[in-house]
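Q: Enclosed is the structure file my_file-v6.cif (mmCIF, C-alpha atoms).
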data_query
#
loop_
_atom_site.label_atom_id
_atom_site.label_comp_id
_atom_site.auth_asym_id
_atom_site.auth_seq_id
_atom_site.Cartn_x
_atom_site.Cartn_y
_atom_site.Cartn_z
CA MET A 1 0.00 0.00 0.00
CA GLN A 2 1.23 3.49 -0.85
CA SER A 3 1.34 5.82 2.10
CA SER A 4 2.14 9.49 2.37
CA ARG A 5 4.19 8.70 5.47
CA ASN A 6 7.87 7.96 4.84
CA VAL A 7 10.22 6.08 7.10
CA ILE A 8 13.40 8.16 7.28
CA LEU A 9 16.85 7.39 8.66
CA PHE A 10 18.63 10.60 9.76
CA ILE A 11 22.07 9.80 11.16
CA ALA A 12 25.76 10.73 11.13
CA MET A 13 28.65 8.41 10.33
CA SER A 14 32.40 8.73 9.93
CA LEU A 15 33.75 8.36 6.37
CA ASP A 16 34.66 4.77 7.27
CA GLY A 17 31.05 4.05 8.23
CA TYR A 18 30.97 4.16 12.05
CA ILE A 19 28.26 5.78 14.16
CA ALA A 20 30.28 5.47 17.40
CA THR A 21 33.69 4.34 18.59
CA PRO A 22 34.18 0.78 19.94
CA ASN A 23 33.38 2.05 23.47
CA ASP A 24 30.20 3.84 22.28
CA SER A 25 31.66 7.34 22.28
CA LEU A 26 30.19 10.02 20.01
CA ASP A 27 32.94 12.52 20.78
CA PHE A 28 34.07 12.54 17.16
CA LEU A 29 30.92 14.50 16.28
CA SER A 30 32.55 17.50 17.95
CA VAL A 31 34.71 18.06 14.86
CA VAL A 32 31.62 19.43 13.09
CA GLU A 33 30.09 21.33 16.03
CA GLN A 34 29.34 24.92 15.12
CA GLU A 35 27.30 27.56 16.92
CA GLY A 36 23.89 27.90 15.28
CA GLU A 37 24.34 25.02 12.83
CA ASP A 38 22.15 21.97 13.39
CA TYR A 39 22.68 20.39 9.94
CA GLY A 40 18.97 20.44 9.17
CA TYR A 41 17.97 18.41 12.22
CA GLY A 42 15.45 20.95 13.60
CA ALA A 43 13.65 21.24 10.27
CA PHE A 44 13.68 17.47 9.84
CA VAL A 45 12.15 16.86 13.27
CA GLN A 46 9.32 19.29 12.39
CA GLY A 47 8.29 16.85 9.67
CA ILE A 48 8.01 13.76 11.88
CA ASP A 49 5.59 12.72 14.60
CA THR A 50 6.81 9.17 15.26
CA VAL A 51 10.20 7.82 16.34
CA ILE A 52 11.55 4.27 16.09
CA LEU A 53 14.60 3.65 18.25
CA GLY A 54 16.52 0.59 19.44
CA ARG A 55 16.47 -0.26 23.14
CA LYS A 56 20.24 -0.04 23.64
CA THR A 57 20.35 3.41 22.05
CA TYR A 58 17.38 4.51 24.16
CA ASP A 59 19.05 3.38 27.37
CA LYS A 60 22.25 5.14 26.33
CA VAL A 61 20.34 8.37 25.57
CA MET A 62 18.59 8.19 28.95
CA THR A 63 21.97 8.08 30.76
CA LEU A 64 22.75 11.44 29.13
CA VAL A 65 19.47 13.38 29.57
CA SER A 66 16.76 13.74 32.20
CA GLU A 67 13.84 13.77 29.77
CA PHE A 68 13.56 11.72 26.57
CA PRO A 69 14.22 14.19 23.70
CA HIS A 70 11.19 12.98 21.67
CA ALA A 71 8.71 12.87 24.57
CA ASN A 72 6.20 14.78 22.40
CA LYS A 73 6.30 12.16 19.58
CA ASN A 74 4.88 8.67 19.39
CA THR A 75 7.94 6.61 20.16
CA TYR A 76 8.52 2.90 19.70
CA ILE A 77 11.54 1.46 21.49
CA ILE A 78 12.42 -1.82 19.76
CA THR A 79 13.19 -4.45 22.38
CA ARG A 80 12.86 -8.14 23.19
CA THR A 81 11.91 -7.40 26.81
CA PRO A 82 8.49 -5.86 27.55
CA ARG A 83 8.46 -2.72 29.72
CA GLU A 84 5.62 -0.47 30.73
CA ALA A 85 5.07 2.60 28.53
CA ILE A 86 6.38 5.96 29.76
CA GLY A 87 3.97 8.59 28.44
CA SER A 88 4.14 8.40 24.62
CA VAL A 89 7.17 6.08 24.75
CA GLN A 90 6.15 2.47 24.13
CA PHE A 91 8.39 -0.57 24.36
CA TYR A 92 7.64 -2.63 21.27
CA THR A 93 8.40 -6.37 21.10
CA GLY A 94 6.58 -7.23 17.85
CA GLY A 95 7.75 -7.37 14.24
CA LEU A 96 9.06 -4.26 12.50
CA THR A 97 7.20 -4.95 9.25
CA GLU A 98 3.91 -5.07 11.18
CA LEU A 99 4.84 -1.90 13.10
CA VAL A 100 5.66 0.07 9.94
CA SER A 101 2.68 -1.16 7.92
CA GLY A 102 0.38 -0.36 10.83
CA LEU A 103 1.80 3.16 11.12
CA LYS A 104 1.51 3.72 7.37
CA GLN A 105 -2.18 2.82 7.47
CA GLN A 106 -2.75 5.66 9.92
CA PRO A 107 -2.60 9.31 8.90
CA GLY A 108 0.38 11.22 10.24
CA LYS A 109 3.73 12.82 9.56
CA ASP A 110 6.92 10.99 8.64
CA ILE A 111 8.55 8.34 10.82
CA PHE A 112 12.09 8.85 12.15
CA VAL A 113 14.43 5.88 12.48
CA ASP A 114 16.85 7.20 15.12
CA GLY A 115 19.21 4.17 15.35
CA GLY A 116 21.05 2.29 16.61
CA ALA A 117 22.85 -0.07 14.28
CA GLU A 118 20.79 -3.13 15.22
CA THR A 119 17.47 -1.44 14.56
CA VAL A 120 18.77 0.06 11.29
CA HIS A 121 19.90 -3.42 10.25
CA ALA A 122 16.54 -4.99 11.04
CA MET A 123 14.77 -2.19 9.15
CA LEU A 124 17.04 -2.71 6.11
CA GLN A 125 16.47 -6.46 6.21
CA GLY A 126 12.75 -5.73 5.96
CA GLY A 127 13.19 -3.12 3.20
CA LEU A 128 11.40 -0.67 5.49
CA ILE A 129 13.45 2.53 5.09
CA ASP A 130 12.17 4.94 2.42
CA GLU A 131 14.67 7.80 2.79
CA PHE A 132 18.19 8.22 4.10
CA TYR A 133 19.90 11.36 5.39
CA ILE A 134 23.51 10.34 6.00
CA SER A 135 25.79 13.05 7.38
CA VAL A 136 29.37 12.05 6.59
CA ILE A 137 31.74 13.37 9.27
CA PRO A 138 35.25 14.22 7.99
CA ILE A 139 37.12 11.64 10.06
CA LEU A 140 38.26 8.03 9.80
CA LEU A 141 37.66 6.39 13.18
CA GLY A 142 39.51 3.18 12.27
CA ASP A 143 37.12 1.04 14.30
CA GLY A 144 33.73 1.23 16.01
CA ILE A 145 30.03 0.48 15.69
CA ARG A 146 29.16 0.21 12.01
CA LEU A 147 26.05 1.93 10.68
CA PHE A 148 25.62 -0.75 8.01
CA LYS A 149 26.13 -4.33 9.15
CA PRO A 150 26.36 -6.97 6.43
CA GLY A 151 23.36 -9.11 5.55
CA PHE A 152 20.46 -7.29 3.94
CA PRO A 153 19.16 -7.16 0.34
CA GLU A 154 20.81 -4.93 -2.27
CA THR A 155 18.90 -1.65 -2.40
CA ASN A 156 19.08 0.87 -5.24
CA LEU A 157 18.98 4.51 -4.18
CA THR A 158 18.24 7.81 -5.90
CA LEU A 159 20.28 10.80 -4.74
CA ILE A 160 17.98 13.67 -3.81
CA SER A 161 20.67 16.10 -2.69
CA ALA A 162 24.18 16.35 -1.29
CA LYS A 163 25.05 19.40 0.79
CA ASN A 164 28.44 20.52 2.08
CA PHE A 165 28.84 22.47 5.27
CA GLU A 166 31.64 24.74 6.47
CA LYS A 167 33.05 22.26 8.99
CA GLY A 168 33.44 19.58 6.29
CA LEU A 169 30.27 17.60 6.95
CA THR A 170 28.57 16.35 3.78
CA GLN A 171 24.91 15.43 4.07
CA LEU A 172 23.75 12.85 1.54
CA HIS A 173 20.00 12.51 1.04
CA TYR A 174 18.66 9.49 -0.84
CA LYS A 175 15.34 7.80 -1.40
CA ARG A 176 14.88 4.14 -2.21
CA SER A 177 14.60 3.80 -6.00
CA MET B 1 60.06 15.09 5.47
CA GLN B 2 57.69 17.29 3.48
CA SER B 3 57.33 16.21 -0.11
CA SER B 4 55.46 17.75 -2.99
CA ARG B 5 54.28 14.26 -3.94
CA ASN B 6 51.00 13.19 -2.41
CA VAL B 7 49.77 9.65 -1.95
CA ILE B 8 46.15 9.63 -3.18
CA LEU B 9 43.40 7.04 -2.87
CA PHE B 10 40.90 7.36 -5.76
CA ILE B 11 38.16 4.75 -5.44
CA ALA B 12 34.41 4.10 -5.55
CA MET B 13 32.30 2.55 -2.81
CA SER B 14 28.63 1.83 -2.20
CA LEU B 15 26.91 3.97 0.45
CA ASP B 16 27.37 1.04 2.85
CA GLY B 17 31.12 1.05 2.24
CA TYR B 18 31.77 -1.83 -0.17
CA ILE B 19 34.13 -1.74 -3.15
CA ALA B 20 32.85 -5.05 -4.55
CA THR B 21 30.22 -7.68 -3.86
CA PRO B 22 31.12 -10.82 -1.83
CA ASN B 23 32.01 -12.62 -5.11
CA ASP B 24 34.23 -9.71 -6.28
CA SER B 25 31.75 -8.28 -8.76
CA LEU B 26 31.91 -4.59 -9.70
CA ASP B 27 28.66 -4.70 -11.68
CA PHE B 28 27.03 -2.22 -9.30
CA LEU B 29 29.20 0.52 -10.80
CA SER B 30 26.99 0.33 -13.89
CA VAL B 31 24.29 2.36 -12.08
CA VAL B 32 26.46 5.45 -12.57
CA GLU B 33 27.75 4.69 -16.08
CA GLN B 34 27.17 7.59 -18.43
CA GLU B 35 28.53 8.27 -21.91
CA GLY B 36 31.35 10.83 -21.74
CA GLU B 37 31.44 11.00 -17.90
CA ASP B 38 34.56 9.60 -16.24
CA TYR B 39 34.00 11.25 -12.82
CA GLY B 40 37.35 13.06 -12.97
CA TYR B 41 39.42 9.92 -13.42
CA GLY B 42 41.17 11.02 -16.63
CA ALA B 43 42.23 14.35 -15.11
CA PHE B 44 43.33 12.62 -11.92
CA VAL B 45 45.50 10.11 -13.78
CA GLN B 46 47.25 13.01 -15.58
CA GLY B 47 48.54 14.12 -12.18
CA ILE B 48 50.15 10.83 -11.17
CA ASP B 49 53.19 8.92 -12.41
CA THR B 50 53.26 6.10 -9.87
CA VAL B 51 50.71 3.43 -8.93
CA ILE B 52 50.55 1.26 -5.81
CA LEU B 53 48.24 -1.73 -6.15
CA GLY B 54 47.61 -4.92 -4.20
CA ARG B 55 48.51 -8.22 -5.80
CA LYS B 56 45.00 -9.70 -5.68
CA THR B 57 43.55 -6.63 -7.36
CA TYR B 58 46.33 -6.72 -9.97
CA ASP B 59 45.62 -10.37 -10.79
CA LYS B 60 41.89 -9.60 -11.02
CA VAL B 61 42.54 -6.65 -13.37
CA MET B 62 44.77 -8.82 -15.56
CA THR B 63 41.96 -11.35 -16.06
CA LEU B 64 39.89 -8.50 -17.55
CA VAL B 65 42.40 -6.75 -19.83
CA SER B 66 45.22 -7.75 -22.15
CA GLU B 67 47.59 -4.91 -21.17
CA PHE B 68 47.99 -3.45 -17.67
CA PRO B 69 46.14 -0.08 -17.73
CA HIS B 70 49.03 1.79 -16.03
CA ALA B 71 51.82 0.26 -18.10
CA ASN B 72 53.24 3.79 -18.68
CA LYS B 73 53.51 4.52 -14.91
CA ASN B 74 55.91 3.22 -12.30
CA THR B 75 53.83 0.53 -10.68
CA TYR B 76 54.40 -1.32 -7.43
CA ILE B 77 52.32 -4.46 -6.92
CA ILE B 78 52.24 -5.17 -3.17
CA THR B 79 52.80 -8.88 -2.60
CA ARG B 80 54.41 -11.41 -0.28
CA THR B 81 55.64 -13.52 -3.21
CA PRO B 82 58.46 -12.17 -5.40
CA ARG B 83 57.84 -12.15 -9.18
CA GLU B 84 59.95 -10.81 -12.00
CA ALA B 85 59.14 -7.25 -13.13
CA ILE B 86 57.05 -6.79 -16.29
CA GLY B 87 58.27 -3.55 -17.91
CA SER B 88 57.53 -0.75 -15.41
CA VAL B 89 55.46 -3.08 -13.20
CA GLN B 90 57.45 -4.23 -10.16
CA PHE B 91 56.36 -6.79 -7.58
CA TYR B 92 57.24 -5.27 -4.21
CA THR B 93 57.67 -7.41 -1.11
CA GLY B 94 59.13 -4.80 1.26
CA GLY B 95 57.48 -2.41 3.76
CA LEU B 96 54.99 0.21 2.60
CA THR B 97 56.45 2.94 4.82
CA GLU B 98 59.85 2.44 3.20
CA LEU B 99 58.30 2.37 -0.26
CA VAL B 100 56.40 5.63 0.25
CA SER B 101 59.23 7.49 1.98
CA GLY B 102 61.60 6.38 -0.78
CA LEU B 103 59.21 7.61 -3.46
CA LYS B 104 58.68 10.93 -1.68
CA GLN B 105 62.43 11.55 -1.62
CA GLN B 106 62.47 11.36 -5.41
CA PRO B 107 61.00 14.09 -7.60
CA GLY B 108 57.82 13.14 -9.42
CA LYS B 109 54.09 13.48 -9.71
CA ASP B 110 51.53 12.17 -7.22
CA ILE B 111 51.21 8.53 -6.24
CA PHE B 112 47.95 6.65 -6.88
CA VAL B 113 46.76 4.02 -4.40
CA ASP B 114 44.51 1.93 -6.65
CA GLY B 115 43.31 -0.65 -4.06
CA GLY B 116 42.36 -3.21 -3.08
CA ALA B 117 41.06 -3.28 0.47
CA GLU B 118 44.12 -5.03 1.95
CA THR B 119 46.57 -2.54 0.50
CA VAL B 120 44.36 0.41 1.52
CA HIS B 121 44.24 -1.02 5.05
CA ALA B 122 48.02 -1.43 5.25
CA MET B 123 48.48 2.13 3.94
CA LEU B 124 46.03 3.48 6.57
CA GLN B 125 47.77 1.55 9.32
CA GLY B 126 50.97 3.32 8.33
CA GLY B 127 49.26 6.73 8.03
CA LEU B 128 50.55 6.87 4.47
CA ILE B 129 47.54 8.26 2.54
CA ASP B 130 47.55 12.05 2.09
CA GLU B 131 44.36 12.52 0.04
CA PHE B 132 41.14 10.61 -0.53
CA TYR B 133 38.76 10.77 -3.49
CA ILE B 134 35.80 8.60 -2.50
CA SER B 135 33.04 8.27 -5.08
CA VAL B 136 29.87 7.21 -3.25
CA ILE B 137 27.66 5.10 -5.52
CA PRO B 138 23.90 5.43 -4.84
CA ILE B 139 23.32 1.84 -3.79
CA LEU B 140 23.36 -0.29 -0.65
CA LEU B 141 24.99 -3.62 -1.52
CA GLY B 142 24.14 -5.23 1.82
CA ASP B 143 27.37 -7.22 1.88
CA GLY B 144 30.75 -7.38 0.15
CA ILE B 145 34.40 -6.37 0.32
CA ARG B 146 34.71 -3.38 2.62
CA LEU B 147 36.86 -0.42 1.60
CA PHE B 148 37.70 0.33 5.24
CA LYS B 149 38.54 -2.66 7.41
CA PRO B 150 38.72 -2.03 11.16
CA GLY B 151 42.05 -1.58 12.89
CA PHE B 152 43.93 1.60 11.98
CA PRO B 153 44.53 4.86 13.86
CA GLU B 154 41.85 7.57 13.98
CA THR B 155 42.58 10.07 11.21
CA ASN B 156 41.14 13.58 11.00
CA LEU B 157 40.26 14.77 7.52
CA THR B 158 39.62 18.12 5.87
CA LEU B 159 36.94 18.20 3.17
CA ILE B 160 38.35 19.78 0.01
CA SER B 161 35.23 19.37 -2.12
CA ALA B 162 32.08 17.31 -2.61
CA LYS B 163 30.65 17.07 -6.10
CA ASN B 164 27.32 15.62 -7.23
CA PHE B 165 26.84 14.07 -10.61
CA GLU B 166 23.70 13.48 -12.67
CA LYS B 167 23.59 9.73 -12.04
CA GLY B 168 23.63 10.24 -8.26
CA LEU B 169 27.33 9.66 -7.63
CA THR B 170 28.80 11.98 -4.99
CA GLN B 171 32.56 12.42 -5.06
CA LEU B 172 34.05 13.35 -1.69
CA HIS B 173 37.60 14.75 -1.72
CA TYR B 174 39.51 14.99 1.56
CA LYS B 175 43.05 15.56 2.70
CA ARG B 176 44.52 14.33 5.95
CA SER B 177 44.27 17.21 8.47
#
How does this structure look as C-alpha cells?
A:
Amino acid sequence: MQSSRNVILFIAMSLDGYIATPNDSLDFLSVVEQEGEDYGYGAFVQGIDTVILGRKTYDKVMTLVSEFPHANKNTYIITRTPREAIGSVQFYTGGLTELVSGLKQQPGKDIFVDGGAETVHAMLQGGLIDEFYISVIPILLGDGIRLFKPGFPETNLTLISAKNFEKGLTQLHYKRS
Amino acid sequence: MQSSRNVILFIAMSLDGYIATPNDSLDFLSVVEQEGEDYGYGAFVQGIDTVILGRKTYDKVMTLVSEFPHANKNTYIITRTPREAIGSVQFYTGGLTELVSGLKQQPGKDIFVDGGAETVHAMLQGGLIDEFYISVIPILLGDGIRLFKPGFPETNLTLISAKNFEKGLTQLHYKRS
C-alpha cells in the first residue's frame, strides 16, 4: 500500500562508516560542532511525529538526559523485553514490518528511524526505510560500531541532494529507488 | 620530510562502504555509467606517475584486460611472493612505509593508491595516505568487500570538495588534516 508517510533514517557516520567508537563514544561529532548550525535536524524533526529507536540506544540516551528528547512524539523502542510505557514512549516487542505497515495505514507525519545499528539493520532487512539522510563526518575512526552491518538485500537509491557544510560535513539525502 | 608528492586514494564505494560484492563483482558501478562522464578519473591520472596496487587486485585486473592499464607509470604491486618485473610493473615485497618514503624523496608526480582493500588497510595503518577521493555510488549492496577494514589509527580529515553528478554519484575529496 502506498502511504504518504515515509520512514526516514537521519544519522551521522564517519567516512569509514561508524556511528560510534568501539566504546560507544560520540565525541568525534565534535569536529563538526558549530554555533547555530544543526545540519537540518530541527527542520527534519518538524516533519516527523513518530520515532523508532533501538532499546540499547534509548538506554544510552537516557543516561545522558533527564527527559527523553522525543517525549512529544509517538515513540517505539524496539526491544525483546516488555516494559511499561512511559507517556508516549512504548516498548515494542513485535515485528518491525507489522509496526511500519500499521503506522503507514494511519494518517500522520513521517517516521524517524533514530538508530542504533541493530534497529537500522533490522529495518534494512525488511526493506522498510524509504529515505536516508547520512551526514558524513570528515574523520576516519579506524574502528567502532558500524552503521551498516552486512546481511540485507541490495537496495538501489536515488540521490535527492548532497550538501556541504563549512566544517566539512557532507549530508547525503537518498530515497529508495 | 615534506614532499610535494601526495599519496592519493581514488576509489568508488557503495553507500554502505563496499568496493565489490562478496564474489568480487563490480557490476554495481553500472548504475552510474554515463557516456562521456569519467568522474574526474582522466584528469586525476594526468597528475600521477606512480601506482601502488595490491597483488590480488592486480591479478583480477589482468583477467579482464590484455595490457595493464598503467603500463606507462611506475607501478608497485604489493605482494608477499616475489615475481619478475614486467616492464615498469614491479612486484614489491618490502614495507609500505619504506616504499612511500623512498618515493617521496624522489621528484615526481603524485602517487595513486589503486586498491584493493588489503593494500588500503596497510596504507592506513601506516598513516601513508595524504588525500582521498571517495566516489559514493547510490546503492546499498548489503554485503561485500569493505573499503575500510577495522584496525587503523583515527585520522582527521579536511573536506576539500564534494561534487554531485547526474547519475547520483557523490565524489568526496579529503586531505589528511
Q: Grab the atom CA of Glu166 of chain B to atom CA of Arg176 of chain A distance for me, in Å with one decimal place.
A: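 These two atoms are separated by 16.6 Å.
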Q: Would you list which chain A residues are within 6 Å of chain B using all atoms listed in the file, as a list in words?
A: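 Residues satisfying the distance criterion: Asp16, Pro138, Ile139, Leu140, Leu141, Gly142, Asp143, Phe148, Pro150, Gly151, Phe152, Pro153, Glu154, Thr155, Asn156, Leu157, Leu159 and Gly168 of chain A.
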Q: Residue by residue, what does the PyMOL selection byres ((chain A and resi 74) around 6) grab here? Present the result as an mmCIF file with C-alpha atoms, in the frame of the given file.
A:
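Ended up saving to out-v1.cif:
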data_model
loop_
_atom_site.group_PDB
_atom_site.id
_atom_site.type_symbol
_atom_site.label_atom_id
_atom_site.label_comp_id
_atom_site.auth_asym_id
_atom_site.auth_seq_id
_atom_site.Cartn_x
_atom_site.Cartn_y
_atom_site.Cartn_z
ATOM 1 C CA THR A 50 6.810 9.170 15.260
ATOM 2 C CA LYS A 73 6.300 12.160 19.580
ATOM 3 C CA THR A 75 7.940 6.610 20.160
ATOM 4 C CA SER A 88 4.140 8.400 24.620
#
Q: Find the residues near segment 111-116 of chain B: any atom within 10 Å, counting only C-alpha atoms, skip ones fewer than 3 places away on the same chain, and give them as a PyMOL selection string.
A: chain B and resi 5-11+19-20+44-45+47-58+73-76+100+103-104+108+119-121+123+129-132+145-147
Q: Taking all atoms of segment 30-37 of chain A that the file lists and extending 8 Å past them on each side, where is the centre of the axis-aligned box and how long are its edges? Answer in Å to one decimal, as AutoDock Vina command-line options.
A:
--center_x 29.3 --center_y 22.7 --center_z 15.4 --size_x 26.8 --size_y 26.4 --size_z 21.1
Q: For the reference chain B, what are the coordinates of chain A after least-squares fitting (all Cα, in-order pairing), as a CSV table (one decimal) with C-alpha atoms, in the coordinates of the input?
A:
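Result file follows (part_8.csv):
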chain,number,residue,atom,x,y,z
A,1,MET,CA,60.1,15.1,5.5
A,2,GLN,CA,57.7,17.3,3.5
A,3,SER,CA,57.3,16.2,-0.1
A,4,SER,CA,55.5,17.8,-3.0
A,5,ARG,CA,54.3,14.3,-4.0
A,6,ASN,CA,51.0,13.2,-2.4
A,7,VAL,CA,49.8,9.7,-2.0
A,8,ILE,CA,46.2,9.6,-3.2
A,9,LEU,CA,43.4,7.0,-2.9
A,10,PHE,CA,40.9,7.4,-5.7
A,11,ILE,CA,38.2,4.8,-5.4
A,12,ALA,CA,34.4,4.1,-5.5
A,13,MET,CA,32.3,2.5,-2.8
A,14,SER,CA,28.6,1.8,-2.2
A,15,LEU,CA,26.9,4.0,0.5
A,16,ASP,CA,27.4,1.0,2.8
A,17,GLY,CA,31.1,1.0,2.2
A,18,TYR,CA,31.8,-1.8,-0.2
A,19,ILE,CA,34.1,-1.7,-3.2
A,20,ALA,CA,32.9,-5.1,-4.6
A,21,THR,CA,30.2,-7.7,-3.9
A,22,PRO,CA,31.1,-10.8,-1.8
A,23,ASN,CA,32.0,-12.6,-5.1
A,24,ASP,CA,34.2,-9.7,-6.3
A,25,SER,CA,31.8,-8.3,-8.8
A,26,LEU,CA,31.9,-4.6,-9.7
A,27,ASP,CA,28.7,-4.7,-11.7
A,28,PHE,CA,27.0,-2.2,-9.3
A,29,LEU,CA,29.2,0.5,-10.8
A,30,SER,CA,27.0,0.3,-13.9
A,31,VAL,CA,24.3,2.3,-12.1
A,32,VAL,CA,26.5,5.4,-12.6
A,33,GLU,CA,27.8,4.7,-16.1
A,34,GLN,CA,27.2,7.6,-18.4
A,35,GLU,CA,28.6,8.3,-21.9
A,36,GLY,CA,31.4,10.8,-21.7
A,37,GLU,CA,31.5,11.0,-17.9
A,38,ASP,CA,34.6,9.6,-16.2
A,39,TYR,CA,34.0,11.3,-12.8
A,40,GLY,CA,37.4,13.1,-13.0
A,41,TYR,CA,39.4,9.9,-13.4
A,42,GLY,CA,41.2,11.0,-16.6
A,43,ALA,CA,42.2,14.3,-15.1
A,44,PHE,CA,43.3,12.6,-11.9
A,45,VAL,CA,45.5,10.1,-13.8
A,46,GLN,CA,47.3,13.0,-15.6
A,47,GLY,CA,48.6,14.1,-12.2
A,48,ILE,CA,50.2,10.8,-11.2
A,49,ASP,CA,53.2,8.9,-12.4
A,50,THR,CA,53.3,6.1,-9.9
A,51,VAL,CA,50.7,3.4,-8.9
A,52,ILE,CA,50.5,1.3,-5.8
A,53,LEU,CA,48.2,-1.7,-6.2
A,54,GLY,CA,47.6,-4.9,-4.2
A,55,ARG,CA,48.5,-8.2,-5.8
A,56,LYS,CA,45.0,-9.7,-5.7
A,57,THR,CA,43.5,-6.6,-7.4
A,58,TYR,CA,46.3,-6.7,-10.0
A,59,ASP,CA,45.6,-10.4,-10.8
A,60,LYS,CA,41.9,-9.6,-11.0
A,61,VAL,CA,42.5,-6.7,-13.4
A,62,MET,CA,44.8,-8.8,-15.6
A,63,THR,CA,41.9,-11.4,-16.0
A,64,LEU,CA,39.9,-8.5,-17.5
A,65,VAL,CA,42.4,-6.8,-19.8
A,66,SER,CA,45.2,-7.8,-22.2
A,67,GLU,CA,47.6,-4.9,-21.2
A,68,PHE,CA,48.0,-3.5,-17.7
A,69,PRO,CA,46.1,-0.1,-17.7
A,70,HIS,CA,49.0,1.8,-16.0
A,71,ALA,CA,51.8,0.3,-18.1
A,72,ASN,CA,53.2,3.8,-18.7
A,73,LYS,CA,53.5,4.5,-14.9
A,74,ASN,CA,55.9,3.2,-12.3
A,75,THR,CA,53.8,0.5,-10.7
A,76,TYR,CA,54.4,-1.3,-7.4
A,77,ILE,CA,52.3,-4.4,-6.9
A,78,ILE,CA,52.2,-5.2,-3.2
A,79,THR,CA,52.8,-8.9,-2.6
A,80,ARG,CA,54.4,-11.4,-0.3
A,81,THR,CA,55.6,-13.5,-3.2
A,82,PRO,CA,58.5,-12.2,-5.4
A,83,ARG,CA,57.8,-12.1,-9.2
A,84,GLU,CA,59.9,-10.8,-12.0
A,85,ALA,CA,59.1,-7.2,-13.1
A,86,ILE,CA,57.0,-6.8,-16.3
A,87,GLY,CA,58.2,-3.6,-17.9
A,88,SER,CA,57.5,-0.8,-15.4
A,89,VAL,CA,55.4,-3.1,-13.2
A,90,GLN,CA,57.4,-4.2,-10.2
A,91,PHE,CA,56.4,-6.8,-7.6
A,92,TYR,CA,57.2,-5.3,-4.2
A,93,THR,CA,57.7,-7.4,-1.1
A,94,GLY,CA,59.1,-4.8,1.3
A,95,GLY,CA,57.5,-2.4,3.8
A,96,LEU,CA,55.0,0.2,2.6
A,97,THR,CA,56.4,3.0,4.8
A,98,GLU,CA,59.8,2.4,3.2
A,99,LEU,CA,58.3,2.4,-0.3
A,100,VAL,CA,56.4,5.6,0.3
A,101,SER,CA,59.2,7.5,2.0
A,102,GLY,CA,61.6,6.4,-0.8
A,103,LEU,CA,59.2,7.6,-3.5
A,104,LYS,CA,58.7,10.9,-1.7
A,105,GLN,CA,62.4,11.5,-1.6
A,106,GLN,CA,62.5,11.4,-5.4
A,107,PRO,CA,61.0,14.1,-7.6
A,108,GLY,CA,57.8,13.1,-9.4
A,109,LYS,CA,54.1,13.5,-9.7
A,110,ASP,CA,51.5,12.2,-7.2
A,111,ILE,CA,51.2,8.5,-6.2
A,112,PHE,CA,47.9,6.6,-6.9
A,113,VAL,CA,46.8,4.0,-4.4
A,114,ASP,CA,44.5,1.9,-6.7
A,115,GLY,CA,43.3,-0.6,-4.1
A,116,GLY,CA,42.4,-3.2,-3.1
A,117,ALA,CA,41.1,-3.3,0.5
A,118,GLU,CA,44.1,-5.0,1.9
A,119,THR,CA,46.6,-2.5,0.5
A,120,VAL,CA,44.4,0.4,1.5
A,121,HIS,CA,44.2,-1.0,5.0
A,122,ALA,CA,48.0,-1.4,5.3
A,123,MET,CA,48.5,2.1,3.9
A,124,LEU,CA,46.0,3.5,6.6
A,125,GLN,CA,47.8,1.5,9.3
A,126,GLY,CA,51.0,3.3,8.3
A,127,GLY,CA,49.3,6.7,8.0
A,128,LEU,CA,50.5,6.9,4.5
A,129,ILE,CA,47.5,8.3,2.5
A,130,ASP,CA,47.5,12.1,2.1
A,131,GLU,CA,44.4,12.5,0.0
A,132,PHE,CA,41.1,10.6,-0.5
A,133,TYR,CA,38.8,10.8,-3.5
A,134,ILE,CA,35.8,8.6,-2.5
A,135,SER,CA,33.0,8.3,-5.1
A,136,VAL,CA,29.9,7.2,-3.2
A,137,ILE,CA,27.7,5.1,-5.5
A,138,PRO,CA,23.9,5.4,-4.8
A,139,ILE,CA,23.3,1.8,-3.8
A,140,LEU,CA,23.4,-0.3,-0.7
A,141,LEU,CA,25.0,-3.6,-1.5
A,142,GLY,CA,24.1,-5.3,1.8
A,143,ASP,CA,27.4,-7.2,1.9
A,144,GLY,CA,30.8,-7.4,0.1
A,145,ILE,CA,34.4,-6.4,0.3
A,146,ARG,CA,34.7,-3.4,2.6
A,147,LEU,CA,36.9,-0.4,1.6
A,148,PHE,CA,37.7,0.3,5.2
A,149,LYS,CA,38.5,-2.7,7.4
A,150,PRO,CA,38.7,-2.1,11.2
A,151,GLY,CA,42.1,-1.6,12.9
A,152,PHE,CA,43.9,1.6,12.0
A,153,PRO,CA,44.5,4.9,13.9
A,154,GLU,CA,41.8,7.6,14.0
A,155,THR,CA,42.6,10.1,11.2
A,156,ASN,CA,41.1,13.6,11.0
A,157,LEU,CA,40.3,14.8,7.5
A,158,THR,CA,39.6,18.1,5.9
A,159,LEU,CA,37.0,18.2,3.2
A,160,ILE,CA,38.3,19.8,0.0
A,161,SER,CA,35.2,19.4,-2.1
A,162,ALA,CA,32.1,17.3,-2.6
A,163,LYS,CA,30.7,17.1,-6.1
A,164,ASN,CA,27.3,15.6,-7.2
A,165,PHE,CA,26.9,14.1,-10.6
A,166,GLU,CA,23.7,13.5,-12.7
A,167,LYS,CA,23.6,9.7,-12.0
A,168,GLY,CA,23.6,10.2,-8.3
A,169,LEU,CA,27.3,9.7,-7.6
A,170,THR,CA,28.8,12.0,-5.0
A,171,GLN,CA,32.6,12.4,-5.0
A,172,LEU,CA,34.1,13.3,-1.7
A,173,HIS,CA,37.6,14.7,-1.7
A,174,TYR,CA,39.5,15.0,1.6
A,175,LYS,CA,43.1,15.6,2.7
A,176,ARG,CA,44.5,14.4,6.0
A,177,SER,CA,44.3,17.2,8.5
Q: Go through A:Val32, A:Ala12, A:Met62, A:Ala117 and flag the residue nearest Ile78 of chain A, using all atoms listed in the file for the distances.
A: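 Answer, going by the shortest atom-to-atom distance: A:Ala117.
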Q: Need the shell around Gly126 of chain B: protein/DNA/RNA residues with any atom at most 8 Å away, counting all atoms listed in the file. Skip same-chain ones fewer than 4 positions apart. Format as a PyMOL selection string?
A: chain B and resi 96-97+122
Q: I'd like the residues picked by the PyMOL selection byres ((chain B and resi 93) around 6) written out as a ChimeraX atom specification, using the chain letters and numbers from the file.
A: /B:79-80,92,94
